[in-house]
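*Asks:* One structure follows; several queries about it will come next.
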Protein chains: 2
Amino acid sequence: MGVEIKISLNGGLYLKEPQDSKLGRNIIMNSILLIDEFGFESFTFKKLAQKINSTEASIYRYFENKHMLLLFLVNWYWEWVSYLIKINTLNVSNPKFKLRIIIHSFVSAPKDNPGVNYVNESKLHDIVISEGAKAYHTKDVDSENSKGLFGSYKSLANNVSKVISEINPHFKYPFALATNLFEMSNNHIYFAKHLPKLTDISIVEDDFGEVENMLNFFVDKLLS
Amino acid sequence: MGVEIKISLNGGLYLKEPQDSKLGRNIIMNSILLIDEFGFESFTFKKLAQKINSTEASIYRYFENKHMLLLFLVNWYWEWVSYLIKINTLNVSNPKFKLRIIIHSFVSAPKDNPGVNYVNESKLHDIVISEGAKAYHTKDVDSENSKGLFGSYKSLANNVSKVISEINPHFKYPFALATNLFEMSNNHIYFAKHLPKLTDISIVEDDFGEVENMLNFFVDKLLS
DNA sequence: AATTAATGATAGTATTACTATCATTTTAAA
DNA sequence: TTTAAAATGATAGTAATACTATCATTAATT
């Protein structure tokens with residue numbers, strides 16, 4: 001019943017597609033809860049197995065290791081944001097307006113949006129904020145990148161960079177600005193919560209409006 | 001012989017001041033080399049002990065664990081950058097000019113600068129770029145922050161934010177811009193090397209000039 | 001020369017990150 | 001409906017990691 005979204009990801013991220021089985025979806029759902037609860041370092045497949053009444057061995061049949069699982073989640077997240085952006089900008093042609101909607105889509109994505117029942121998008125957002133950078137800060141970046149394991153993020157960045165270039169075709173840094181918007185959003189939400197001296201943003205009751213305003217201000221200034 | 005710099009850091013970062021003993025300095029020096037070589041995840045105190053012909057137990061007398069060691073290194077790095085900025089801007093009063101020098105100081109810091117013999121500043125810079133974000137993306141941020149373990153970064157951000165506010169007292173995001181300059185610098189150097197589709201920057205022969213140009217461009221636009 | 005501090009050597013423990021094997025259950029095909 | 005195949009569970013085991021503890025030795029200090 002209702003609309004079902006299935007997000008398709010690079011096959012190199014998993015050993016067996018977790019979205020296609022009950023156990024797989026359970027792994028996704030509860031890994032999000034556990035990583036959010038304990039942090040990525042303290043998260044283990046054993047804990048996850050216990051939580052879902054399964055075994056380590058079974059989880060290893062889906063994911064090579066917890067790093068791959070994190071990569072999977074992060075890619076899932078960016079694909080989902082891409083999807084949100086797509087539907088939110090469907091009939092919008094003005095690029096300036098489009099970029100505003102894009103920013104709103106990824107800053108406030110998890111709040112009030114169509115989701116998938118086995119994914120808590122809000123907690124997944126928190127994970128991307130707190131642990132996302134670890135997904136690509138590895139000794140294996142280059143080999144993982146060549147396998148396309150960062151494809152979702154790259155494709156999103158590419159799309160946003162196109163809108164930026166539409167607004168100002170002479171702007172020299174469309175990709176850097178695009179990625180910087182994502183990184184800044186995540187960073188300053190994190191700073192506001194944990195290292196407030198590093199930002200001017202404050203967050204009250206999960207309202208990321210100030211972040212959105214800041215990004216819009218940056219964009220306006222930079223592309224003028 | 002020559003000028004000696006000793007960088008003083010929050011005592012909570014270590015169990016025993018490593019800069020004061022031969023073994024301690026050896027730990028610092030070789031941990032930088034090993035983390036750079038293997039990446040933080042694969043770096044262990046055992047490997048380090050072997051490399052310096054010492055023992056795990058001895059290393060544990062200096063640092064609680066490898067996370068603390070990383071925090072120490074990162075703080076050391078930011079203190080060192082602060083020091084560079086201070087001497088490079090000694091007689092500069094124009095804040096716009098000052099900010100340019102600041103940017104140059106941290107982007108190209110490790111290239112041609114007075115250093116400390118037991119620290120390879122260039123490799124330490126690489127570590128900050130590749131692993132730095134892990135220092136504060138932990139479940140223990142809050143408690144570590146309350147102990148002042150991110151003090152060096154915060155104080156640097158504070159100083160830079162002051163210069164930003166001098167340039168434009170009406171600018172609403174001096175702290176966010178300051179930290180964003182650091183994060184952007186590190187991120188885009190990393191992207192240029194490993195995920196070039198995420199940036200417009202390219203780096204040829206360790207010349208970070210393009211990064212510097214980009215940051216200067218951003219600053220000029222945003223503060224105008 | 002005596003005392004204290006720093007380091008080394010060695011051993012041991014709990015946890016992690018897996019891999020392997022076989023039994024059982026579920027699903028799909030004939 | 002039976003049969004085969006695929007998925008999962010149960011159990012065991014291994015190598016490495018992240019420590020802690022104890023005692024011996026060496027170096028520094030008084």
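Letters for chains follow the order of the structure tokens (A, B, ...), residue numbers begin at 1 for each chain, and ligand numbers begin at 1 in the order shown.
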Once DSSP has gone over the backbone, tell me which residues of range 159-201 of chain A are in alpha helix (DSSP H), as a ChimeraX atom specification.

*Replies:* /A:159-167,174-194

*Asks:* Include N, CA, C and O atoms and write out the residues we just selected as a compact mmCIF listing (two decimals), in the first residue's frame.

*Replies:*
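Output (part_35.txt):
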```
# COMPACT_ATOMS: atom_id res chain seq x y z
N ASN A 159 25.09 17.48 -10.06
CA ASN A 159 23.81 18.12 -10.35
C ASN A 159 23.71 19.52 -9.78
O ASN A 159 23.24 20.45 -10.44
N VAL A 160 24.14 19.65 -8.54
CA VAL A 160 24.06 20.96 -7.91
C VAL A 160 25.02 21.95 -8.59
O VAL A 160 24.69 23.12 -8.79
N SER A 161 26.17 21.46 -8.98
CA SER A 161 27.12 22.34 -9.65
C SER A 161 26.54 22.89 -10.95
O SER A 161 26.80 24.03 -11.34
N LYS A 162 25.71 22.09 -11.61
CA LYS A 162 25.08 22.56 -12.85
C LYS A 162 24.13 23.73 -12.59
O LYS A 162 24.10 24.69 -13.34
N VAL A 163 23.37 23.62 -11.53
CA VAL A 163 22.47 24.71 -11.18
C VAL A 163 23.27 25.96 -10.84
O VAL A 163 22.92 27.08 -11.25
N ILE A 164 24.35 25.78 -10.12
CA ILE A 164 25.22 26.91 -9.78
C ILE A 164 25.74 27.59 -11.05
O ILE A 164 25.71 28.82 -11.18
N SER A 165 26.16 26.78 -11.98
CA SER A 165 26.68 27.35 -13.23
C SER A 165 25.59 28.03 -14.06
O SER A 165 25.87 28.95 -14.82
N GLU A 166 24.38 27.52 -13.89
CA GLU A 166 23.27 28.19 -14.58
C GLU A 166 23.05 29.59 -14.02
O GLU A 166 22.79 30.53 -14.77
N ILE A 167 23.15 29.69 -12.71
CA ILE A 167 22.97 31.00 -12.08
C ILE A 167 24.06 31.97 -12.51
O ILE A 167 23.80 33.11 -12.86
N PRO A 174 32.11 25.92 -9.26
CA PRO A 174 30.78 25.34 -9.05
C PRO A 174 30.80 24.02 -8.26
O PRO A 174 29.93 23.81 -7.41
N PHE A 175 31.79 23.19 -8.48
CA PHE A 175 31.86 21.93 -7.74
C PHE A 175 32.25 22.18 -6.29
O PHE A 175 31.66 21.60 -5.37
N ALA A 176 33.24 23.02 -6.11
CA ALA A 176 33.68 23.31 -4.75
C ALA A 176 32.55 23.95 -3.94
O ALA A 176 32.35 23.61 -2.78
N LEU A 177 31.82 24.82 -4.57
CA LEU A 177 30.71 25.44 -3.84
C LEU A 177 29.64 24.40 -3.51
O LEU A 177 29.13 24.36 -2.39
N ALA A 178 29.35 23.55 -4.48
CA ALA A 178 28.33 22.52 -4.24
C ALA A 178 28.72 21.64 -3.06
O ALA A 178 27.96 21.51 -2.09
N THR A 179 29.90 21.08 -3.10
CA THR A 179 30.30 20.21 -1.99
C THR A 179 30.41 21.00 -0.70
O THR A 179 30.05 20.52 0.37
N ASN A 180 30.89 22.22 -0.82
CA ASN A 180 31.02 23.02 0.40
C ASN A 180 29.67 23.27 1.06
O ASN A 180 29.58 23.34 2.28
N LEU A 181 28.64 23.40 0.26
CA LEU A 181 27.31 23.58 0.86
C LEU A 181 26.93 22.36 1.70
O LEU A 181 26.45 22.50 2.83
N PHE A 182 27.16 21.19 1.16
CA PHE A 182 26.85 19.97 1.93
C PHE A 182 27.70 19.87 3.19
O PHE A 182 27.20 19.63 4.30
N GLU A 183 29.00 20.06 3.00
CA GLU A 183 29.91 19.91 4.13
C GLU A 183 29.62 20.97 5.20
O GLU A 183 29.61 20.68 6.39
N MET A 184 29.38 22.17 4.74
CA MET A 184 29.10 23.25 5.69
C MET A 184 27.82 22.96 6.46
O MET A 184 27.75 23.19 7.67
N SER A 185 26.83 22.51 5.75
CA SER A 185 25.58 22.21 6.42
C SER A 185 25.81 21.20 7.54
O SER A 185 25.47 21.44 8.70
N ASN A 186 26.43 20.09 7.21
CA ASN A 186 26.69 19.06 8.21
C ASN A 186 27.58 19.56 9.33
O ASN A 186 27.31 19.34 10.51
N ASN A 187 28.66 20.22 8.95
CA ASN A 187 29.60 20.71 9.95
C ASN A 187 28.95 21.65 10.95
O ASN A 187 29.15 21.52 12.16
N HIS A 188 28.20 22.57 10.45
CA HIS A 188 27.71 23.61 11.36
C HIS A 188 26.52 23.14 12.19
O HIS A 188 26.29 23.65 13.28
N ILE A 189 25.82 22.16 11.69
CA ILE A 189 24.83 21.53 12.56
C ILE A 189 25.57 20.82 13.71
O ILE A 189 25.21 20.93 14.88
N TYR A 190 26.64 20.14 13.33
CA TYR A 190 27.44 19.44 14.35
C TYR A 190 28.08 20.43 15.33
O TYR A 190 28.02 20.24 16.54
N PHE A 191 28.66 21.48 14.80
CA PHE A 191 29.29 22.49 15.67
C PHE A 191 28.26 23.10 16.61
O PHE A 191 28.51 23.25 17.81
N ALA A 192 27.13 23.46 16.06
CA ALA A 192 26.10 24.08 16.90
C ALA A 192 25.75 23.18 18.08
O ALA A 192 25.54 23.65 19.20
N LYS A 193 25.75 21.88 17.83
CA LYS A 193 25.38 20.95 18.90
C LYS A 193 26.52 20.66 19.86
O LYS A 193 26.30 20.42 21.04
N HIS A 194 27.75 20.62 19.34
CA HIS A 194 28.84 20.10 20.17
C HIS A 194 30.01 21.07 20.38
O HIS A 194 30.71 20.97 21.37
```

*Asks:* Check every residue of chain D for an atom within 9 Å of chain B, counting only C-alpha atoms (C1' of nucleotides), and provide those that qualify as a ChimeraX atom specification.

*Replies:* /D:17-20

*Asks:* Would you kindly report the residues of chain A within 6 Å of chain B, using only C-alpha atoms, as a PyMOL selection string?

*Replies:* chain A and resi 39+130+137+139+142+173+175-176+194+198-200+221-222

*Asks:* For a quick test of understanding: name the residues of chain C lying within 10 Å of chain B when counting only C-alpha atoms (C1' of nucleotides), and present them as a VMD selection string.

*Replies:* chain C and resid 6 to 9

*Asks:* Okay, now the selection with C-alpha atoms (C1' of nucleotides), as a PDB file, in the first residue's frame?

*Replies:*
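Listed below is the output, result_27.pdb:
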```
ATOM      1  C1'  DA C   6      61.769   6.320  33.517  1.00  0.00           C
ATOM      2  C1'  DT C   7      61.877   2.625  30.574  1.00  0.00           C
ATOM      3  C1'  DG C   8      61.972  -2.280  29.149  1.00  0.00           C
ATOM      4  C1'  DA C   9      60.430  -7.093  29.256  1.00  0.00           C
TER       5       DA C   9
END
```

*Asks:* Mind pulling up the distance from C1' of DT24 in chain C to CA of Asn26 in chain A?

*Replies:* 20.7 Å

*Asks:* Write out as a ChimeraX atom specification the residues lying within 9 Å of Lys123 in chain A, counting only C-alpha atoms (C1' of nucleotides) and excluding same-chain residues fewer than 5 positions away.

*Replies:* /A:32-33,36,110,128

*Asks:* Any idea what's packed within 12 Å of DC22 in chain C, counting only C-alpha atoms (C1' of nucleotides), ignoring anything in its chain fewer than 6 positions away? Could you give it as a VMD selection string?

*Replies:* chain D and resid 9 to 12
